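**Student:** One structure, as structure tokens, below. Some questions next.
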Amino acid sequence: MTDLATANFDSITHALKTHYAHTFAEHGPTPRGVDWGRADDVRLRYEKMLAVVPPRLAADRQRVSLLDVGCGYGGLYDYVRGQSLNLDYCGIDVAEEMIAHGQRAFPAIPFVCADALKWQPPQAFDFVVCSGILTQKLEASIKDMDRYAQMLIKRMFSLATIGVAFNVMTTRVNFMVSNLYYRNPMELLAWCMTEVSDRVRLDHAYPLYEYTIYLYHDAHA
């Protein structure tokens, strides 16, 4: 990675940190605190992230580990507690205030304040999910955000032994907002299959202006 690329990634990380610190300070541990919309939309996103776990593992209640990149205040973990999945959860985020809340709310669960591109975890995880980080670009250029997204996807895949899930804003819309990150789903799917894994699934069928991509390692496809 060149120094220029690193600087661009650091600037994106810093902008995201500042943005989410502001939304959390204003709205607290709520969907608006992570700059999301309705509670129902948030629950749907959680469902899409957890769908990375193959049905056979969920049905057998096999214990699996999951890293939540951009975990915010721990909303996904709170949701998981009411589900049938048997998860060892770990959350990571660059926003100190959100991590501090997660640590207070769920003291037995590891919440790490760090940059996922640089963090060296003590172990790999079965699954890595990322909901929301790759839907925002704020003031970053599209080219820089493309590179950041691709680096983060590769990094998450390297930390997972089974699979990853992440969401991105779709270009199949009739309007766009300047601060959000839109990526053509077929273009990103092709890149993933070429550069990361051809064990892939794309879900563009749910009623939000986004889609979720699932990538798996060969042995667990």
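To be explicit about the labels: the chains of the structure tokens are called A, B, and onward in the order shown, and within each one the residues are counted from 1, while ligands get numbers from 1 in the order they are shown.
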If we count only C-alpha atoms and set the cut-off at 10 Å, which residues sit around A:Gln83, ignoring sequence neighbours fewer than 4 positions away in its own chain? Please answer as a PyMOL selection string.
**Tutor:** chain A and resi 47+50+58+77-79+87
**Student:** Give me the stretch 165-204 of chain A side of the contact with stretch 113-134 of chain A, cut-off 12 Å, one line per residue showing its nearest atom pair and distance in Å at one decimal, counting only C-alpha atoms, sorted by chain and residue number, as CSV.
**Tutor:**
residue,atom,partner,partner_atom,distance
A:Ala165,CA,A:Val129,CA,4.7
A:Phe166,CA,A:Cys130,CA,4.7
A:Asn167,CA,A:Ser131,CA,5.7
A:Val168,CA,A:Leu134,CA,5.4
A:Met169,CA,A:Leu134,CA,7.8
A:Thr170,CA,A:Leu134,CA,11.1
A:Asn179,CA,A:Leu134,CA,11.4
A:Leu180,CA,A:Leu134,CA,8.6
A:Tyr181,CA,A:Leu134,CA,6.6
A:Tyr182,CA,A:Leu134,CA,8.8
A:Arg183,CA,A:Leu134,CA,9.6
**Student:** Please measure the separation of atom CA of A:Arg147 and atom CA of A:Leu189, giving the value in Å to one decimal.
**Tutor:** 15.0 Å
**Student:** Tell me which protein, DNA and RNA residues are within 7 Å of stretch 93-105 of chain A, counting only C-alpha atoms, leaving out same-chain ones fewer than 3 positions away, and put them as a PyMOL selection string.
**Tutor:** chain A and resi 17+20-21+69-74+111-115
**Student:** What would the file look like if the residues just selected were written as a PDB file, in the first residue's frame with C-alpha atoms?
**Tutor:**
ATOM      1  CA  LYS A  17     -15.229   8.490  13.069  1.00  0.00           C
ATOM      2  CA  TYR A  20     -20.642   8.876  13.775  1.00  0.00           C
ATOM      3  CA  ALA A  21     -19.354  10.534  16.942  1.00  0.00           C
ATOM      4  CA  VAL A  69     -16.984  -4.296  11.716  1.00  0.00           C
ATOM      5  CA  GLY A  70     -18.441  -0.860  12.402  1.00  0.00           C
ATOM      6  CA  CYS A  71     -20.418  -2.282  15.314  1.00  0.00           C
ATOM      7  CA  GLY A  72     -21.540   1.101  16.610  1.00  0.00           C
ATOM      8  CA  TYR A  73     -23.146   0.877  20.047  1.00  0.00           C
ATOM      9  CA  GLY A  74     -23.694  -2.895  19.840  1.00  0.00           C
ATOM     10  CA  PHE A 111     -15.856  -4.325  22.042  1.00  0.00           C
ATOM     11  CA  VAL A 112     -12.663  -3.017  20.449  1.00  0.00           C
ATOM     12  CA  CYS A 113     -11.932   0.602  19.524  1.00  0.00           C
ATOM     13  CA  ALA A 114      -9.685   0.249  16.468  1.00  0.00           C
ATOM     14  CA  ASP A 115      -9.422   0.551  12.693  1.00  0.00           C
TER      15      ASP A 115
END
**Student:** As a ChimeraX atom specification, which residues of stretch 1-195 of chain A does DSSP assign to strand (DSSP E)?
**Tutor:** /A:64-69,87-93,111-113,125-130,160-170,182-183
**Student:** Could you write out that same residue set with C-alpha atoms as a compact mmCIF listing (two decimals), in the first residue's frame?
**Tutor:**
# COMPACT_ATOMS: atom_id res chain seq x y z
CA VAL A 64 -19.65 -19.83 15.74
CA SER A 65 -17.63 -16.64 16.12
CA LEU A 66 -18.54 -13.35 14.44
CA LEU A 67 -16.73 -10.03 14.08
CA ASP A 68 -18.97 -6.99 13.57
CA VAL A 69 -16.98 -4.30 11.72
CA LEU A 87 -22.61 -16.71 18.55
CA ASP A 88 -19.34 -15.65 20.08
CA TYR A 89 -19.58 -11.98 19.18
CA CYS A 90 -16.89 -9.30 18.92
CA GLY A 91 -17.51 -5.70 17.85
CA ILE A 92 -15.00 -3.21 16.43
CA ASP A 93 -15.47 0.48 15.68
CA PHE A 111 -15.86 -4.33 22.04
CA VAL A 112 -12.66 -3.02 20.45
CA CYS A 113 -11.93 0.60 19.52
CA PHE A 125 -13.37 -15.41 13.15
CA ASP A 126 -15.79 -17.77 11.45
CA PHE A 127 -17.75 -14.82 10.06
CA VAL A 128 -17.14 -11.10 9.56
CA VAL A 129 -19.99 -8.68 8.85
CA CYS A 130 -20.07 -4.98 8.03
CA ALA A 160 -12.93 -14.83 8.27
CA THR A 161 -12.55 -18.60 8.03
CA ILE A 162 -16.03 -19.20 6.61
CA GLY A 163 -17.58 -16.05 5.15
CA VAL A 164 -18.31 -12.33 5.18
CA ALA A 165 -21.34 -10.13 4.57
CA PHE A 166 -21.49 -6.41 3.80
CA ASN A 167 -23.98 -3.95 2.35
CA VAL A 168 -23.57 -1.16 -0.22
CA MET A 169 -25.97 1.40 -1.68
CA THR A 170 -27.28 0.28 -5.07
CA TYR A 182 -23.30 3.83 -4.42
CA ARG A 183 -21.76 0.95 -6.33
**Student:** One decimal, Å: what's the distance from atom CA of A:Arg56 over to atom CA of A:Thr194, could you say?
**Tutor:** 27.4 Å
